[in-house]
$ cat run-v2.cif   # mmCIF, C-alpha atoms
data_run
#
loop_
_atom_site.label_atom_id
_atom_site.label_comp_id
_atom_site.auth_asym_id
_atom_site.auth_seq_id
_atom_site.Cartn_x
_atom_site.Cartn_y
_atom_site.Cartn_z
CA MET R 292 0.00 0.00 0.00
CA GLY R 293 1.54 3.23 -1.15
CA GLY R 294 3.40 5.31 1.43
CA GLY R 295 2.39 3.02 4.26
CA THR R 296 -0.44 5.39 5.14
CA GLY R 297 -3.19 2.93 4.36
CA ARG R 298 -2.05 0.12 6.64
CA GLU R 299 -5.33 -0.03 8.51
CA LEU R 300 -7.38 -0.33 5.36
CA PRO R 301 -8.13 -3.61 3.66
CA ARG R 302 -7.95 -3.65 -0.10
CA ALA R 303 -11.15 -3.32 -2.08
CA ASP R 304 -12.08 -3.98 -5.66
CA MET R 305 -14.23 -0.88 -5.64
CA LEU R 306 -14.80 2.21 -3.58
CA ILE R 307 -18.27 3.71 -3.88
CA ALA R 308 -18.24 7.27 -2.61
CA ILE R 309 -21.71 8.68 -1.95
CA MET R 310 -21.06 12.41 -2.09
CA GLY R 311 -24.50 13.66 -3.11
CA ALA R 312 -27.41 14.13 -0.73
CA PRO R 313 -30.19 11.59 -0.12
CA HIS R 314 -33.74 12.55 -1.10
CA THR R 315 -32.56 14.35 -4.22
CA GLY R 316 -32.45 11.58 -6.80
CA ASP R 317 -31.70 7.93 -7.32
CA LEU R 318 -28.07 8.03 -6.26
CA VAL R 319 -28.48 6.37 -2.85
CA THR R 320 -30.58 3.61 -4.38
CA SER R 321 -27.95 3.22 -7.08
CA ALA R 322 -25.23 2.93 -4.43
CA PHE R 323 -27.12 0.16 -2.61
CA ARG R 324 -27.85 -1.67 -5.86
CA LEU R 325 -24.31 -1.39 -7.09
CA ALA R 326 -22.86 -2.57 -3.77
CA GLN R 327 -25.25 -5.53 -3.69
CA ALA R 328 -24.43 -6.50 -7.27
CA LEU R 329 -20.69 -6.32 -6.64
CA LEU R 330 -20.90 -8.28 -3.39
CA GLU R 331 -23.04 -10.97 -5.04
CA ARG R 332 -20.24 -11.46 -7.53
CA GLY R 333 -17.64 -11.86 -4.81
CA ALA R 334 -16.09 -8.42 -5.08
CA SER R 335 -14.87 -6.47 -2.07
CA VAL R 336 -16.45 -3.07 -1.60
CA HIS R 337 -15.74 0.06 0.38
CA LEU R 338 -18.52 2.56 0.87
CA TRP R 339 -17.72 6.12 1.87
CA THR R 340 -20.33 8.72 2.73
CA CYS R 341 -19.77 12.45 2.74
CA GLY R 342 -22.02 15.46 3.28
CA HIS R 343 -25.67 14.75 3.93
CA ALA R 344 -25.13 11.12 2.92
CA THR R 345 -23.48 10.58 6.32
CA GLY R 346 -27.00 10.73 7.73
CA LEU R 347 -27.89 7.45 6.02
CA THR R 348 -26.41 5.43 8.88
CA ARG R 349 -27.08 7.61 11.89
CA THR R 350 -28.15 5.63 14.95
CA SER R 351 -31.12 7.87 15.64
CA LEU R 352 -32.89 6.67 12.48
CA GLY R 353 -33.68 3.38 14.20
CA ASP R 354 -34.80 0.32 12.26
CA GLU R 355 -38.06 1.61 10.85
CA LYS R 356 -39.20 4.82 9.22
CA PRO R 357 -41.99 6.80 10.89
CA ARG R 358 -45.44 5.32 10.32
CA ASN R 359 -47.28 5.67 7.05
CA VAL R 360 -50.63 7.21 7.97
CA VAL R 361 -52.41 5.45 5.11
CA ASP R 362 -50.80 2.05 5.73
CA TRP R 363 -50.31 2.10 9.46
CA ALA R 364 -49.34 -1.52 10.06
CA ARG R 365 -46.67 -1.70 7.39
CA ALA R 366 -43.02 -1.41 8.37
CA TYR R 367 -40.52 0.42 6.20
CA PRO R 368 -36.81 -0.08 6.89
CA THR R 369 -34.56 2.91 7.33
CA THR R 370 -31.36 3.25 5.37
CA ALA R 371 -29.54 2.52 8.66
CA ALA R 372 -31.36 -0.81 8.92
CA LEU R 373 -30.58 -1.63 5.28
CA ALA R 374 -26.93 -0.73 5.79
CA ALA R 375 -26.77 -2.96 8.88
CA GLU R 376 -28.26 -5.86 6.92
CA LEU R 377 -25.82 -5.37 4.10
CA LEU R 378 -22.88 -5.25 6.50
CA ALA R 379 -24.10 -8.36 8.36
CA ALA R 380 -24.50 -10.28 5.11
CA HIS R 381 -20.98 -9.44 3.93
CA PRO R 382 -18.78 -8.97 6.99
CA ALA R 383 -15.53 -9.75 5.21
CA LYS R 384 -16.19 -8.08 1.88
CA LEU R 385 -17.93 -4.84 2.77
CA HIS R 386 -16.51 -1.96 4.76
CA TRP R 387 -18.44 1.25 5.30
CA PHE R 388 -16.78 4.54 6.21
CA ALA R 389 -18.29 7.92 7.00
CA CYS R 390 -16.54 11.27 6.85
CA ARG R 391 -16.01 12.46 10.40
CA PHE R 392 -16.15 16.14 9.57
CA CYS R 393 -19.39 15.91 7.59
CA SER R 394 -20.92 13.66 10.26
CA GLN R 395 -20.05 16.01 13.09
CA GLU R 396 -21.02 19.08 11.11
CA ARG R 397 -24.51 17.63 10.71
CA GLY R 398 -24.84 16.13 14.18
CA ALA R 399 -24.81 12.69 12.59
CA ASP R 400 -21.65 11.25 14.10
CA ALA R 401 -23.47 8.61 16.15
CA HIS R 402 -23.52 5.86 13.54
CA ILE R 403 -24.77 2.30 13.72
CA PRO R 404 -22.17 -0.35 14.58
CA GLY R 405 -19.94 -1.22 11.67
CA ILE R 406 -19.57 2.32 10.33
CA ARG R 407 -16.06 3.70 10.77
CA LEU R 408 -15.56 7.44 11.05
CA ARG R 409 -12.60 8.72 9.05
CA ALA R 410 -11.09 12.15 8.81
CA PRO R 411 -11.63 13.77 5.42
CA PHE R 412 -7.90 14.19 4.89
CA LYS R 413 -7.60 10.40 5.02
CA PHE R 414 -9.75 10.07 1.92
CA THR R 415 -6.72 9.75 -0.31
CA GLU R 416 -5.83 6.55 1.52
CA HIS R 417 -9.23 5.19 0.61
CA LEU R 418 -8.66 6.03 -3.03
CA GLU R 419 -5.33 4.18 -2.86
CA ALA R 420 -6.90 1.15 -1.17
CA ALA R 421 -9.38 0.52 -3.97
CA ASP R 422 -8.73 -0.67 -7.50
CA LYS R 423 -11.54 1.48 -8.83
CA SER R 424 -13.42 4.41 -7.40
CA PHE R 425 -16.94 5.42 -8.25
CA PHE R 426 -18.34 8.79 -7.20
CA LEU R 427 -22.04 9.40 -6.87
CA GLY R 428 -23.02 13.06 -6.78
CA VAL R 429 -21.20 15.98 -5.21
CA CYS R 430 -21.20 17.31 -1.67
CA MET M 160 -60.89 35.45 -13.10
CA ALA M 161 -62.91 32.87 -11.26
CA ASP M 162 -61.82 32.18 -7.74
CA THR M 163 -61.67 28.40 -7.43
CA GLY M 164 -60.97 28.58 -3.70
CA ARG M 165 -58.55 25.74 -4.25
CA ARG M 166 -54.85 25.44 -3.79
CA LEU M 167 -52.49 24.48 -6.60
CA LEU M 168 -49.39 22.35 -6.18
CA ILE M 169 -46.74 22.52 -8.90
CA ILE M 170 -44.35 19.59 -9.06
CA GLU M 171 -41.36 19.79 -11.38
CA ARG M 172 -38.64 17.74 -9.75
CA ALA M 173 -39.23 14.00 -9.93
CA TYR M 174 -37.66 10.92 -8.40
CA ARG M 175 -36.30 12.42 -5.22
CA GLY M 176 -34.98 9.37 -3.49
CA GLY M 177 -35.73 5.65 -3.54
CA VAL M 178 -34.62 3.52 -0.60
CA GLU M 179 -34.49 6.52 1.71
CA THR M 180 -37.88 7.87 0.62
CA GLN M 181 -40.14 4.86 0.02
CA PHE M 182 -43.80 5.81 0.66
CA ALA M 183 -42.94 9.33 1.84
CA ASP M 184 -42.52 11.00 -1.53
CA VAL M 185 -43.93 14.35 -2.64
CA LEU M 186 -47.22 12.77 -3.72
CA TYR M 187 -47.70 11.28 -0.25
CA PHE M 188 -47.69 14.79 1.12
CA ALA M 189 -49.99 15.94 -1.69
CA ARG M 190 -52.44 13.17 -0.87
CA GLU M 191 -52.74 14.19 2.75
CA LEU M 192 -53.04 17.85 1.82
CA ASN M 193 -55.78 16.94 -0.66
CA ARG M 194 -57.66 15.14 2.11
CA GLN M 195 -57.32 18.01 4.56
CA GLN M 196 -58.21 20.68 2.01
CA GLY M 197 -61.17 18.81 0.59
CA GLY M 198 -59.64 18.89 -2.88
CA LEU M 199 -56.76 20.59 -4.61
CA ASP M 200 -55.13 20.76 -8.03
CA ILE M 201 -51.72 19.55 -9.12
CA LEU M 202 -49.74 20.64 -12.16
CA LEU M 203 -46.99 18.27 -13.25
CA ARG M 204 -44.14 19.86 -15.14
CA GLY M 205 -40.65 18.80 -16.14
CA LEU M 206 -39.73 15.18 -15.50
CA ALA M 207 -42.69 14.90 -13.14
CA VAL M 208 -45.07 14.55 -16.12
CA THR M 209 -43.90 10.93 -16.26
CA PHE M 210 -45.84 10.40 -13.02
CA ALA M 211 -48.96 10.58 -15.17
CA ALA M 212 -48.14 7.80 -17.61
CA ALA M 213 -50.99 5.37 -18.21
CA ASP M 214 -48.63 2.39 -18.17
CA PRO M 215 -48.48 1.39 -14.51
CA ALA M 216 -44.86 0.20 -14.90
CA PRO M 217 -43.51 -2.78 -12.95
CA THR M 218 -43.50 -2.50 -9.17
CA PRO M 219 -39.96 -1.46 -8.32
CA VAL M 220 -38.23 -4.05 -6.14
CA LEU M 221 -34.73 -3.90 -4.72
CA HIS M 222 -32.91 -7.09 -3.73
CA LEU M 223 -30.64 -6.30 -0.84
CA ALA M 224 -28.90 -8.62 1.63
CA GLY M 225 -31.58 -11.28 1.32
CA ARG M 226 -34.42 -8.77 1.60
CA GLU M 227 -36.82 -7.85 -1.17
CA LEU M 228 -37.57 -4.19 -0.67
CA ASP M 229 -40.85 -3.60 -2.50
CA THR M 230 -41.83 -0.34 -0.82
CA LEU M 231 -39.99 2.00 -3.15
CA PRO M 232 -41.83 5.10 -4.40
CA ASP M 233 -44.47 4.39 -7.04
CA PRO M 234 -45.57 7.79 -8.34
CA ARG M 235 -47.78 6.41 -11.11
CA ALA M 236 -49.82 4.50 -8.55
CA ALA M 237 -49.92 7.60 -6.36
CA VAL M 238 -51.33 9.69 -9.23
CA ARG M 239 -54.10 7.11 -9.70
CA THR M 240 -54.91 7.33 -6.01
CA LEU M 241 -54.97 11.11 -6.06
CA LEU M 242 -57.39 11.11 -9.00
CA ALA M 243 -59.62 8.61 -7.22
CA GLU M 244 -59.60 10.85 -4.17
CA GLY M 245 -60.74 13.89 -6.11
CA ALA M 246 -57.56 15.80 -6.87
CA GLY M 247 -57.39 17.59 -10.20
CA ILE M 248 -54.20 16.76 -12.12
CA TRP M 249 -52.75 18.53 -15.15
CA ALA M 250 -49.62 17.72 -17.13
CA GLN M 251 -47.70 20.28 -19.16
CA ASP M 252 -48.09 19.42 -22.84
CA GLY M 253 -44.66 20.69 -23.90
CA GLU M 254 -42.99 18.26 -21.54
CA LEU M 255 -45.24 15.44 -22.69
CA GLU M 256 -44.10 16.10 -26.25
CA ARG M 257 -40.48 15.93 -25.14
CA PHE M 258 -41.12 12.42 -23.87
CA GLY M 259 -42.81 11.44 -27.10
CA ALA M 260 -46.08 10.87 -25.32
CA GLY M 261 -48.46 9.83 -28.06
CA PRO M 262 -52.13 8.91 -27.92
CA GLY M 263 -52.98 6.74 -24.95
CA TRP M 264 -49.75 7.55 -23.13
CA LEU M 265 -51.37 9.84 -20.58
CA LEU M 266 -53.42 8.39 -17.75
CA GLU M 267 -57.14 8.93 -18.22
CA GLY M 268 -58.30 11.74 -15.99
CA VAL M 269 -55.03 13.68 -16.20
CA ARG M 270 -55.49 16.77 -18.34
CA PRO M 271 -52.74 17.91 -20.71
CA THR M 272 -52.38 21.68 -20.80
CA SER M 273 -50.12 24.46 -21.99
CA ASP M 274 -48.51 27.20 -19.95
CA ALA M 275 -50.73 29.69 -21.75
CA ALA M 276 -53.93 27.90 -20.78
CA PHE M 277 -53.14 26.81 -17.25
CA PRO M 278 -53.02 27.71 -14.48
CA ASP M 279 -55.31 30.62 -13.88
CA TRP M 280 -52.93 32.04 -11.30
CA PRO M 281 -55.20 34.59 -9.61
CA GLY M 282 -58.00 32.07 -9.47
CA TYR M 283 -56.16 29.99 -6.94
CA ARG M 284 -56.25 30.58 -3.24
CA SER M 285 -52.54 29.77 -3.16
CA VAL M 286 -49.88 28.19 -5.34
CA HIS M 287 -47.09 26.01 -3.95
CA PHE M 288 -43.99 24.75 -5.75
CA LEU M 289 -43.11 21.40 -4.20
#

$ encode --input "run-v2.cif" --output "structure tokens"
Amino acid sequence: MGGGTGRELPRADMLIAIMGAPHTGDLVTSAFRLAQALLERGASVHLWTCGHATGLTRTSLGDEKPRNVVDWARAYPTTAALAAELLAAHPAKLHWFACRFCSQERGADAHIPGIRLRAPFKFTEHLEAADKSFFLGVC
Amino acid sequence: MADTGRRLLIIERAYRGGVETQFADVLYFARELNRQQGGLDILLRGLAVTFAAADPAPTPVLHLAGRELDTLPDPRAAVRTLLAEGAGIWAQDGELERFGAGPGWLLEGVRPTSDAAFPDWPGYRSVHFL
């Protein structure tokens, strides 16, 4: 690993960096789909969230979204619950990182277990640790 | 200008989130507002005119970590529900043309209209861009 700075990081076939905000388009759904498709094929994946995307895995989301007033009994998983399921299904192949600065800036630094906070100036190590990087949106 | 006493919602931006949004999309809010207001009108512009397609489209399902997530937003179904619940829905004809929407493309009950013909701005109690 170049420069010895990325010693803590496992290698990954692909880094998916979710830079754009949730609730603005299909990019978060695309990130989940892409990660699932890669993991199904045996690839190793790093996910990195920046900006408002750090809120996807905040602990305070809980497992279920607030109730749907027109379908009260139905449960809808939060993105935190979906992330936890994805991490549990692929403990060796998937690693999920969240930008510490963006998380703290938004009061979202209490993440579910399995999410590692990383300083933004460490991002270059993440780029070096992955064979390919894929950016979704901009902060 | 006739005062309709109704409120008008204008929706231009479409597809704002999938897994994170699910049922709680812009039309979910519109549905509840329609119920509370006893009727309102909606003008679909931009990419949002595709909400009014007659083809119901397959139910979107996401396969994720052994789960089948089938609660993703379904705006075409939501438009049907809104019509059934008495909302008036218009779709901008210029945008429909851009999507090559020919005869039968638009959901029955949704009215195509031009910027010149609709809306009657002063006739509305209020207008909201969502």

$ resolve_selection --input "run-v2.cif" --expression "the PyMOL selection byres ((chain R) within 12 of (chain M))" --output "ChimeraX atom specification"
/R:311-331,344,346-348,352,355-363,365-382,385

$ residues_around --input "run-v2.cif" --residues "Leu202 of chain M" --least-positions-apart "4" --cutoff "10 Å" --atoms "all atoms listed in the file" --output "ChimeraX atom specification"
/M:167-171,207-208,247-251,269-272,277-278,288

$ residues_near_point --input "run-v2.cif" --point "(-15.0, 4.0, 4.8)" --cutoff "7 Å" --atoms "all atoms listed in the file" --output "PyMOL selection string"
chain R and resi 337-339+386-389+407+409

$ resolve_selection --input "run-v2.cif" --expression "the PyMOL selection byres ((chain R and resi 351) around 9)" --output "ChimeraX atom specification"
/R:348-350,352-353,371,399,401-403

$ resolve_selection --input "run-v2.cif" --expression "the PyMOL selection byres ((chain M and resi 255) around 12)" --output "ChimeraX atom specification"
/M:203-212,249-254,256-266,269-273

$ closest_residue --input "run-v2.cif" --among "R:Cys390, R:Gly405, R:Ala308, R:Glu299" --to "Leu418 of chain R" --atoms "only C-alpha atoms"
R:Ala308

$ closest_residue --input "run-v2.cif" --among "R:Arg391, R:Arg302, R:Lys384, R:Arg397" --to "Thr340 of chain R" --atoms "all atoms listed in the file"
R:Arg391

$ atom_distance --input "run-v2.cif" --atom1 "atom CA of Gly198 of chain M" --atom2 "atom CA of Gly245 of chain M"
6.1 Å

$ atom_distance --input "run-v2.cif" --atom1 "atom CA of Gly268 of chain M" --atom2 "atom CA of Leu242 of chain M"
7.1 Å

$ atom_distance --input "run-v2.cif" --atom1 "atom CA of Cys393 of chain R" --atom2 "atom CA of Ile307 of chain R"
16.8 Å

$ closest_residue --input "run-v2.cif" --among "M:Ala236, M:Ile201, M:Leu241, M:Ser285" --to "Thr218 of chain M" --atoms "all atoms listed in the file"
M:Ala236

$ residues_around --input "run-v2.cif" --residues "Glu244 of chain M" --least-positions-apart "6" --cutoff "12 Å" --atoms "all atoms listed in the file" --output "PyMOL selection string"
chain M and resi 189-200+237-238+268
